[in-house]
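As stored in run-v5.cif (mmCIF, C-alpha atoms):
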data_run
#
loop_
_atom_site.group_PDB
_atom_site.id
_atom_site.type_symbol
_atom_site.label_atom_id
_atom_site.label_comp_id
_atom_site.auth_asym_id
_atom_site.auth_seq_id
_atom_site.Cartn_x
_atom_site.Cartn_y
_atom_site.Cartn_z
ATOM 1 C CA MET P 199 -104.267 62.927 45.260
ATOM 2 C CA PRO P 200 -104.557 60.584 48.267
ATOM 3 C CA ARG P 201 -102.491 57.449 48.265
ATOM 4 C CA ILE P 202 -105.316 55.298 49.568
ATOM 5 C CA ASP P 203 -106.919 52.692 47.373
ATOM 6 C CA ILE P 204 -110.387 52.226 48.880
ATOM 7 C CA SER P 205 -111.201 49.366 46.544
ATOM 8 C CA LYS P 206 -108.861 47.155 48.565
ATOM 9 C CA TYR P 207 -110.704 46.685 51.814
ATOM 10 C CA ARG P 208 -111.261 43.896 54.261
ATOM 11 C CA TYR P 209 -114.023 43.128 56.717
ATOM 12 C CA GLN P 210 -113.465 41.779 60.220
ATOM 13 C CA ALA P 211 -115.657 41.154 63.245
ATOM 14 C CA ILE P 212 -113.538 42.319 66.184
ATOM 15 C CA SER P 213 -116.036 42.269 69.043
ATOM 16 C CA ASN P 214 -119.656 41.542 69.849
ATOM 17 C CA VAL P 215 -120.541 45.131 70.630
ATOM 18 C CA LEU P 216 -118.669 48.387 70.154
ATOM 19 C CA GLY P 217 -119.957 51.568 71.706
ATOM 20 C CA GLN P 218 -118.659 55.078 71.922
ATOM 21 C CA MET P 219 -115.037 55.058 70.786
ATOM 22 C CA GLU P 220 -111.862 57.034 70.277
ATOM 23 C CA MET P 221 -108.798 56.322 68.152
ATOM 24 C CA MET P 222 -105.364 57.013 69.660
ATOM 25 C CA TYR P 223 -102.260 57.534 67.527
ATOM 26 C CA GLY P 224 -104.120 55.926 64.613
ATOM 27 C CA GLN P 225 -103.270 52.585 66.215
ATOM 28 C CA VAL P 226 -105.313 52.033 69.359
ATOM 29 C CA LEU P 227 -109.090 51.829 69.332
ATOM 30 C CA VAL P 228 -110.591 52.530 72.739
ATOM 31 C CA SER P 229 -114.216 51.496 72.893
ATOM 32 C CA THR P 230 -116.834 51.290 75.601
ATOM 33 C CA ASN P 231 -119.803 49.041 75.951
ATOM 34 C CA ALA P 232 -122.257 48.256 78.727
ATOM 35 C CA ASP P 233 -119.784 47.456 81.496
ATOM 36 C CA ASN P 234 -116.225 47.606 80.268
ATOM 37 C CA VAL P 235 -113.684 49.566 78.265
ATOM 38 C CA GLN P 236 -111.742 47.712 75.603
ATOM 39 C CA PHE P 237 -108.446 48.560 73.936
ATOM 40 C CA PHE P 238 -107.803 47.141 70.469
ATOM 41 C CA LYS P 239 -104.730 47.216 68.276
ATOM 42 C CA GLN P 240 -103.718 45.642 65.008
ATOM 43 C CA GLU P 241 -101.582 42.524 65.087
ATOM 44 C CA PHE P 242 -100.352 40.188 62.414
ATOM 45 C CA ASP P 243 -102.131 36.852 62.703
ATOM 46 C CA LEU P 244 -99.870 33.999 61.628
ATOM 47 C CA LYS P 245 -102.775 31.610 61.021
ATOM 48 C CA LEU P 246 -104.797 34.009 58.915
ATOM 49 C CA GLU P 247 -101.628 35.544 57.456
ATOM 50 C CA LYS P 248 -103.024 39.056 57.675
ATOM 51 C CA THR P 249 -103.279 41.946 60.085
ATOM 52 C CA VAL P 250 -106.313 41.808 62.347
ATOM 53 C CA TRP P 251 -107.714 43.929 65.174
ATOM 54 C CA LYS P 252 -107.324 42.270 68.557
ATOM 55 C CA GLU P 253 -108.313 43.266 72.063
ATOM 56 C CA TYR P 254 -105.134 43.611 74.113
ATOM 57 C CA HIS P 255 -106.397 45.344 77.242
ATOM 58 C CA LYS P 256 -109.720 45.458 79.037
ATOM 59 C CA LEU P 257 -110.986 47.531 81.940
ATOM 60 C CA ALA P 258 -113.680 45.262 83.300
ATOM 61 C CA GLY P 259 -116.577 46.586 85.315
ATOM 62 C CA ILE P 260 -116.188 50.173 84.176
ATOM 63 C CA LYS P 261 -119.158 51.942 82.697
ATOM 64 C CA ALA P 262 -117.592 55.057 81.302
ATOM 65 C CA ARG P 263 -117.304 57.458 78.420
ATOM 66 C CA VAL P 264 -113.832 57.674 76.939
ATOM 67 C CA CYS P 265 -112.511 61.115 76.020
ATOM 68 C CA PHE P 266 -109.369 61.715 74.013
ATOM 69 C CA THR P 267 -107.922 64.668 72.126
ATOM 70 C CA PRO P 268 -105.368 64.063 69.334
ATOM 71 C CA GLY P 269 -101.923 65.087 70.535
ATOM 72 C CA ASN P 270 -102.439 63.722 74.032
ATOM 73 C CA ILE P 271 -101.021 60.553 75.523
ATOM 74 C CA ARG P 272 -103.829 59.970 78.006
ATOM 75 C CA VAL P 273 -107.406 58.911 77.708
ATOM 76 C CA GLN P 274 -110.006 59.941 80.273
ATOM 77 C CA CYS P 275 -112.626 57.433 81.391
ATOM 78 C CA VAL P 276 -115.459 59.564 82.724
ATOM 79 C CA MET P 277 -117.806 57.724 85.049
ATOM 80 C CA ASP P 278 -120.697 59.020 87.129
ATOM 81 C CA ASP P 279 -118.627 59.335 90.293
ATOM 82 C CA LEU P 280 -114.995 59.055 89.170
ATOM 83 C CA ILE P 281 -112.697 60.104 86.342
ATOM 84 C CA GLN P 282 -109.743 57.860 85.600
ATOM 85 C CA PHE P 283 -106.749 58.905 83.532
ATOM 86 C CA TYR P 284 -105.059 56.130 81.599
ATOM 87 C CA HIS P 285 -101.662 56.625 80.025
ATOM 88 C CA VAL P 286 -101.199 54.805 76.735
ATOM 89 C CA ASP P 287 -97.538 54.529 75.827
ATOM 90 C CA PRO P 288 -97.111 55.823 72.260
ATOM 91 C CA GLU P 289 -94.494 53.181 71.472
ATOM 92 C CA THR P 290 -95.508 50.046 73.340
ATOM 93 C CA LEU P 291 -99.232 50.976 73.533
ATOM 94 C CA ALA P 292 -99.216 49.672 77.119
ATOM 95 C CA VAL P 293 -102.112 50.970 79.228
ATOM 96 C CA THR P 294 -101.509 52.123 82.797
ATOM 97 C CA LEU P 295 -103.794 53.837 85.263
ATOM 98 C CA GLU P 296 -102.110 57.111 86.131
ATOM 99 C CA ASN P 297 -104.592 59.004 88.223
ATOM 100 C CA THR P 298 -108.134 58.911 89.560
ATOM 101 C CA MET P 299 -110.166 61.910 90.633
ATOM 102 C CA SER P 300 -113.648 62.403 91.963
ATOM 103 C CA ASN P 301 -116.104 63.580 89.367
ATOM 104 C CA TYR P 302 -117.233 66.383 91.673
ATOM 105 C CA MET P 303 -118.534 68.468 88.761
ATOM 106 C CA ARG P 304 -120.657 65.520 87.547
ATOM 107 C CA CYS P 305 -119.480 65.985 83.989
ATOM 108 C CA ASN P 306 -120.038 63.486 81.184
ATOM 109 C CA TYR P 307 -117.264 64.725 78.921
ATOM 110 C CA MET P 308 -113.744 65.856 79.788
ATOM 111 C CA TYR P 309 -111.266 66.929 77.132
ATOM 112 C CA TYR P 310 -107.735 68.263 77.566
ATOM 113 C CA GLY P 311 -105.744 70.234 75.028
ATOM 114 C CA PRO P 312 -102.528 68.724 73.670
ATOM 115 C CA LYS P 313 -100.414 70.855 76.050
ATOM 116 C CA VAL P 314 -102.612 69.959 79.045
ATOM 117 C CA ARG P 315 -103.197 73.632 79.804
ATOM 118 C CA TYR P 316 -106.904 73.748 79.230
ATOM 119 C CA CYS P 317 -109.677 71.352 80.083
ATOM 120 C CA ILE P 318 -113.238 71.445 78.841
ATOM 121 C CA THR P 319 -116.034 69.598 80.604
ATOM 122 C CA TYR P 320 -119.647 69.204 79.679
ATOM 123 C CA GLN P 321 -122.606 67.731 81.498
ATOM 124 C CA ASN P 322 -125.447 66.263 79.463
ATOM 125 C CA GLY P 323 -128.410 68.607 79.340
ATOM 126 C CA SER P 324 -126.383 71.605 80.413
ATOM 127 C CA ARG P 325 -126.596 74.807 78.383
ATOM 128 C CA LYS P 326 -122.915 75.610 78.737
ATOM 129 C CA ILE P 327 -119.466 74.083 78.901
ATOM 130 C CA GLN P 328 -116.932 74.604 81.670
ATOM 131 C CA ILE P 329 -113.399 75.637 80.799
ATOM 132 C CA TYR P 330 -110.591 75.061 83.277
ATOM 133 C CA ARG P 331 -107.144 76.574 82.953
ATOM 134 C CA ARG P 332 -104.117 75.010 84.556
ATOM 135 C CA LYS P 333 -103.154 77.183 87.487
ATOM 136 C CA VAL P 334 -99.776 75.855 88.532
ATOM 137 C CA PHE P 335 -96.939 74.333 86.559
ATOM 138 C CA HIS P 336 -94.813 72.061 88.704
ATOM 139 C CA ASN P 337 -91.711 72.320 86.613
ATOM 140 C CA PHE P 338 -89.459 74.283 88.960
ATOM 141 C CA LYS P 339 -85.901 73.146 88.423
ATOM 142 C CA VAL P 340 -82.767 73.981 90.377
ATOM 143 C CA SER P 341 -79.325 73.580 88.951
ATOM 144 C CA VAL P 342 -77.266 71.464 91.347
ATOM 145 C CA SER P 343 -73.493 71.705 91.048
ATOM 146 C CA GLU P 344 -70.607 71.625 93.394
ATOM 147 C CA MET H 213 -116.570 82.564 68.256
ATOM 148 C CA PHE H 214 -118.573 81.245 65.344
ATOM 149 C CA ASP H 215 -121.585 79.036 64.926
ATOM 150 C CA GLU H 216 -122.730 76.670 62.236
ATOM 151 C CA GLU H 217 -126.408 76.095 61.653
ATOM 152 C CA PHE H 218 -127.943 72.666 61.075
ATOM 153 C CA SER H 219 -131.567 72.504 60.073
ATOM 154 C CA GLY H 220 -133.824 69.882 58.545
ATOM 155 C CA THR H 221 -136.696 67.524 59.233
ATOM 156 C CA TYR H 222 -135.141 64.847 61.424
ATOM 157 C CA ILE H 223 -131.489 65.404 62.235
ATOM 158 C CA LYS H 224 -128.962 63.137 63.907
ATOM 159 C CA ILE H 225 -125.366 64.233 64.387
ATOM 160 C CA TYR H 226 -122.801 62.198 66.231
ATOM 161 C CA ASN H 227 -119.334 63.536 65.716
ATOM 162 C CA ILE H 228 -117.428 66.467 64.273
ATOM 163 C CA VAL H 229 -114.006 65.631 62.896
ATOM 164 C CA GLN H 230 -111.062 67.888 62.201
ATOM 165 C CA ASN H 231 -108.086 67.839 59.876
ATOM 166 C CA HIS H 232 -104.573 67.194 61.138
ATOM 167 C CA ALA H 233 -103.827 70.867 61.744
ATOM 168 C CA GLY H 234 -107.158 71.509 63.447
ATOM 169 C CA THR H 235 -108.048 74.283 60.989
ATOM 170 C CA LYS H 236 -110.842 72.557 59.128
ATOM 171 C CA TYR H 237 -113.834 70.662 60.435
ATOM 172 C CA GLY H 238 -116.119 68.116 58.863
ATOM 173 C CA VAL H 239 -119.335 66.418 59.793
ATOM 174 C CA ILE H 240 -121.730 63.898 58.332
ATOM 175 C CA TYR H 241 -125.273 64.194 59.549
ATOM 176 C CA PHE H 242 -128.514 62.384 58.909
ATOM 177 C CA ASP H 243 -131.662 64.224 57.879
ATOM 178 C CA ASP H 244 -134.720 62.037 57.461
ATOM 179 C CA GLY H 245 -133.062 59.419 55.264
ATOM 180 C CA ASP H 246 -130.454 61.650 53.638
ATOM 181 C CA TRP H 247 -126.830 61.882 54.681
ATOM 182 C CA ARG H 248 -125.136 65.190 54.161
ATOM 183 C CA VAL H 249 -121.466 66.049 54.515
ATOM 184 C CA ARG H 250 -120.206 69.520 55.135
ATOM 185 C CA THR H 251 -116.844 71.022 55.960
ATOM 186 C CA PHE H 252 -116.256 74.372 57.528
ATOM 187 C CA GLY H 253 -113.601 76.577 59.068
ATOM 188 C CA LYS H 254 -113.776 79.002 61.939
ATOM 189 C CA THR H 255 -115.893 81.665 60.290
ATOM 190 C CA LYS H 256 -119.631 82.051 60.381
ATOM 191 C CA ARG H 257 -121.351 81.255 57.086
ATOM 192 C CA SER H 258 -124.721 82.201 55.678
ATOM 193 C CA VAL H 259 -127.443 79.603 55.139
ATOM 194 C CA ASP H 260 -127.089 79.934 51.343
ATOM 195 C CA GLU H 261 -123.345 79.458 51.527
ATOM 196 C CA ILE H 262 -123.807 76.318 53.611
ATOM 197 C CA LYS H 263 -126.406 74.901 51.229
ATOM 198 C CA ASN H 264 -124.212 75.550 48.206
ATOM 199 C CA THR H 265 -121.221 73.744 49.649
ATOM 200 C CA GLU H 266 -123.006 70.853 51.334
ATOM 201 C CA ILE H 267 -122.651 67.366 49.802
ATOM 202 C CA ASN H 268 -125.695 65.115 49.547
ATOM 203 C CA MET H 269 -124.338 61.606 49.976
ATOM 204 C CA ASN H 270 -127.509 59.877 48.765
ATOM 205 C CA GLU H 271 -127.222 61.595 45.393
ATOM 206 C CA LEU H 272 -123.506 60.924 45.207
ATOM 207 C CA LEU H 273 -123.811 57.236 46.111
ATOM 208 C CA GLY H 274 -127.145 56.620 44.399
ATOM 209 C CA LEU H 275 -128.998 55.664 47.580
ATOM 210 C CA ASP H 276 -132.663 55.995 48.458
ATOM 211 C CA ASN H 277 -133.826 57.761 51.617
ATOM 212 C CA TRP H 278 -135.452 54.740 53.261
ATOM 213 C CA THR H 279 -132.944 54.526 56.084
ATOM 214 C CA MET H 280 -134.268 55.170 59.571
ATOM 215 C CA VAL H 281 -132.035 55.739 62.563
ATOM 216 C CA ASP H 282 -132.703 54.531 66.074
ATOM 217 C CA PRO H 283 -134.580 57.409 67.753
ATOM 218 C CA ALA H 284 -133.105 56.443 71.119
ATOM 219 C CA THR H 285 -129.531 57.170 70.031
ATOM 220 C CA HIS H 286 -127.754 60.124 68.512
ATOM 221 C CA TYR H 287 -125.848 58.083 65.919
ATOM 222 C CA SER H 288 -126.252 59.114 62.304
ATOM 223 C CA LEU H 289 -125.311 55.707 60.830
ATOM 224 C CA GLY H 290 -122.489 57.415 59.013
ATOM 225 C CA GLY H 291 -118.947 58.535 59.679
ATOM 226 C CA CYS H 292 -116.247 60.579 58.052
ATOM 227 C CA CYS H 293 -112.600 61.493 58.539
ATOM 228 C CA PHE H 294 -110.117 63.756 56.812
ATOM 229 C CA VAL H 295 -107.464 62.025 54.729
ATOM 230 C CA ASP H 296 -105.844 65.355 53.902
ATOM 231 C CA ASP H 297 -107.097 68.941 53.770
ATOM 232 C CA GLU H 298 -108.778 68.424 50.417
ATOM 233 C CA THR H 299 -110.010 64.858 50.781
ATOM 234 C CA ILE H 300 -112.508 63.291 53.116
ATOM 235 C CA PHE H 301 -113.368 59.625 53.619
ATOM 236 C CA VAL H 302 -117.060 58.916 54.140
ATOM 237 C CA GLY H 303 -118.784 55.701 55.201
ATOM 238 C CA VAL H 304 -122.523 55.110 55.598
ATOM 239 C CA PHE H 305 -124.674 52.132 56.501
ATOM 240 C CA HIS H 306 -127.793 51.697 54.397
ATOM 241 C CA SER H 307 -129.760 49.703 56.947
ATOM 242 C CA HIS H 308 -132.604 48.570 54.686
ATOM 243 C CA SER H 309 -130.228 46.715 52.372
ATOM 244 C CA MET H 310 -127.722 46.082 55.195
ATOM 245 C CA THR H 311 -124.982 47.439 52.958
ATOM 246 C CA HIS H 312 -121.949 49.442 53.927
ATOM 247 C CA HIS H 313 -120.827 52.093 51.442
ATOM 248 C CA HIS H 314 -117.615 54.066 51.539
ATOM 249 C CA CYS H 315 -115.904 56.529 49.253
ATOM 250 C CA LEU H 316 -113.373 59.323 49.019
ATOM 251 C CA ILE H 317 -114.582 62.820 48.208
ATOM 252 C CA ASP H 318 -112.598 65.668 46.706
ATOM 253 C CA LEU H 319 -113.682 68.697 48.724
ATOM 254 C CA ASN H 320 -112.815 71.156 45.952
ATOM 255 C CA THR H 321 -115.032 69.557 43.324
ATOM 256 C CA ARG H 322 -117.382 67.835 45.826
ATOM 257 C CA GLN H 323 -117.218 64.727 43.657
ATOM 258 C CA LEU H 324 -116.107 61.157 44.258
ATOM 259 C CA ILE H 325 -112.479 60.211 43.833
ATOM 260 C CA GLY H 326 -112.614 56.898 42.012
ATOM 261 C CA ASN H 327 -115.630 54.688 42.545
ATOM 262 C CA LYS H 328 -117.726 54.110 45.629
ATOM 263 C CA GLN H 329 -117.306 50.749 47.333
ATOM 264 C CA SER H 330 -120.174 48.691 48.755
ATOM 265 C CA HIS H 331 -120.143 45.672 51.024
ATOM 266 C CA PHE H 332 -123.171 43.635 52.072
ATOM 267 C CA LEU H 333 -122.928 42.854 55.794
ATOM 268 C CA ALA H 334 -124.408 39.353 55.732
ATOM 269 C CA ASP H 335 -124.051 38.688 59.456
ATOM 270 C CA SER H 336 -125.410 42.088 60.450
ATOM 271 C CA SER H 337 -128.903 43.359 61.221
ATOM 272 C CA GLU H 338 -130.952 46.405 60.319
ATOM 273 C CA ARG H 339 -130.350 47.696 63.846
ATOM 274 C CA ASN H 340 -126.595 47.740 63.350
ATOM 275 C CA PHE H 341 -124.938 51.049 62.552
ATOM 276 C CA LEU H 342 -121.646 52.664 61.725
ATOM 277 C CA VAL H 343 -120.208 54.394 64.768
ATOM 278 C CA ASP H 344 -117.133 56.154 63.475
ATOM 279 C CA CYS H 345 -114.414 56.313 60.816
ATOM 280 C CA TYR H 346 -110.710 56.953 61.338
ATOM 281 C CA TYR H 347 -107.688 57.499 59.146
ATOM 282 C CA ASP H 348 -104.251 56.090 59.915
ATOM 283 C CA SER H 349 -101.752 58.375 58.199
ATOM 284 C CA GLU H 350 -98.818 56.031 58.779
ATOM 285 C CA LYS H 351 -100.313 53.060 56.986
ATOM 286 C CA ASP H 352 -102.624 55.079 54.744
ATOM 287 C CA GLU H 353 -105.647 53.144 55.854
ATOM 288 C CA CYS H 354 -109.184 54.147 56.732
ATOM 289 C CA PHE H 355 -111.289 52.238 59.241
ATOM 290 C CA SER H 356 -115.050 52.076 59.661
ATOM 291 C CA PHE H 357 -116.223 50.674 62.978
ATOM 292 C CA TYR H 358 -119.706 49.308 63.529
ATOM 293 C CA ARG H 359 -121.774 48.947 66.647
ATOM 294 C CA GLY H 360 -122.122 45.239 65.959
ATOM 295 C CA GLY H 361 -118.342 44.848 66.180
#

For this file, produce the structure as structure tokens.
Amino acid sequence: MPRIDISKYRYQAISNVLGQMEMMYGQVLVSTNADNVQFFKQEFDLKLEKTVWKEYHKLAGIKARVCFTPGNIRVQCVMDDLIQFYHVDPETLAVTLENTMSNYMRCNYMYYGPKVRYCITYQNGSRKIQIYRRKVFHNFKVSVSE
Amino acid sequence: MFDEEFSGTYIKIYNIVQNHAGTKYGVIYFDDGDWRVRTFGKTKRSVDEIKNTEINMNELLGLDNWTMVDPATHYSLGGCCFVDDETIFVGVFHSHSMTHHHCLIDLNTRQLIGNKQSHFLADSSERNFLVDCYYDSEKDECFSFYRGG
């Protein structure tokens, strides 16, 4: 039997508009709307004396679709011309831009597997998906000793 | 490879969810006023098998089929998420009465666990809708997020 008691619920308005969204680590809500990407997390509000959802990071001026696969530590913001990879620290939940690439394949969705070996992209209206496999692993290590 | 067939009069599907292990999938979809929940694995099923295991949320929650979705979007006005392999959390927005309903469903018996919960969204509108539901396994909490924030 689940341990949840659904009769104890609370209602909170956290933003004016929420669009397409993804949940990371069960703690961070990444949501898009017309022209920005918002990151929300739960914080304890001393005035209200309860935990509330608060926006703690905002990517202004970005009209994107956010893509995230459970097990990953990055979220992809897929725009018409660019794809940005944001690292969300699992402990501090800090958001940092890690990489930006040109959206040369004009995809609308980009998902990576948890081991970052495979990537799936999809373009709206297309009859098929594209699957990319990681070609090179840059993990060559040399033992250095005197 | 496998495929899962969805058929009906007017269908809207937004999201397919998976359990923690990624071995079981679930979806809530809208069909002309009715919400239906189904779970499936990685094997192809017959139409009869799908019909026999599908859960009609309107019957389970005692809702009418007056709800109409926005034709311009693909949102189904409902969301679901796995709590564990045998339990799924489901939330729907009955737009005509502007009421949010949520419940837990036992996937073995296809019946409610406990009672359904309803909440009238006084500051909402009929155009509002439920975008998605998530489960936080650490705090044992489920979240339902609406378009209207």

Return as number ranges by chain the residues belonging to chain P that are within 12 Å of chain H, counting all atoms listed in the file. P: 199-231, 236, 238, 240, 249-253, 267-269, 311-312

Identify which of the residues H:Trp247, H:Phe294, H:Phe252, H:Phe332 lies closest to Glu271 (chain H), counting all atoms listed in the file when measuring atom-to-atom distances.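 Using all atoms listed in the file, Glu271 (chain H) sits closest to H:Trp247.
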
Between CA of Trp278 (chain H) and CA of Arg250 (chain H), distance in Å (one decimal): 21.3 Å

Spatial neighbours of Asn234 (chain P), 7 Å, all atoms listed in the file, chain gap at least 4 places, as a list in words: Thr230, Lys256, Leu257, Ala258, Gly259, Ile260 and Lys261 of chain P

Any idea what the distance is between CA of Thr265 (chain H) and CA of His286 (chain H)? 24.2 Å

Selection dump of the PyMOL selection byres ((chain H and resi 238) around 6), as a PyMOL selection string: chain H and resi 228-229+237+239+250-251

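Each of H:Asn227, H:Asp244, H:Lys254, H:Gly220 was compared to Pro283 (chain H) using all atoms listed in the file, and H:Asp244 turns out to be the nearest.
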
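As for CA of Lys224 (chain H) and CA of Glu338 (chain H), they are spaced 17.2 Å apart.
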
Around (-111.4, 60.6, 81.8), as given in the file, which residues come within 10 Å? Count all atoms listed in the file and list them as a ChimeraX atom specification. /P:262-266,272-277,280-284,297-299,301,305-310
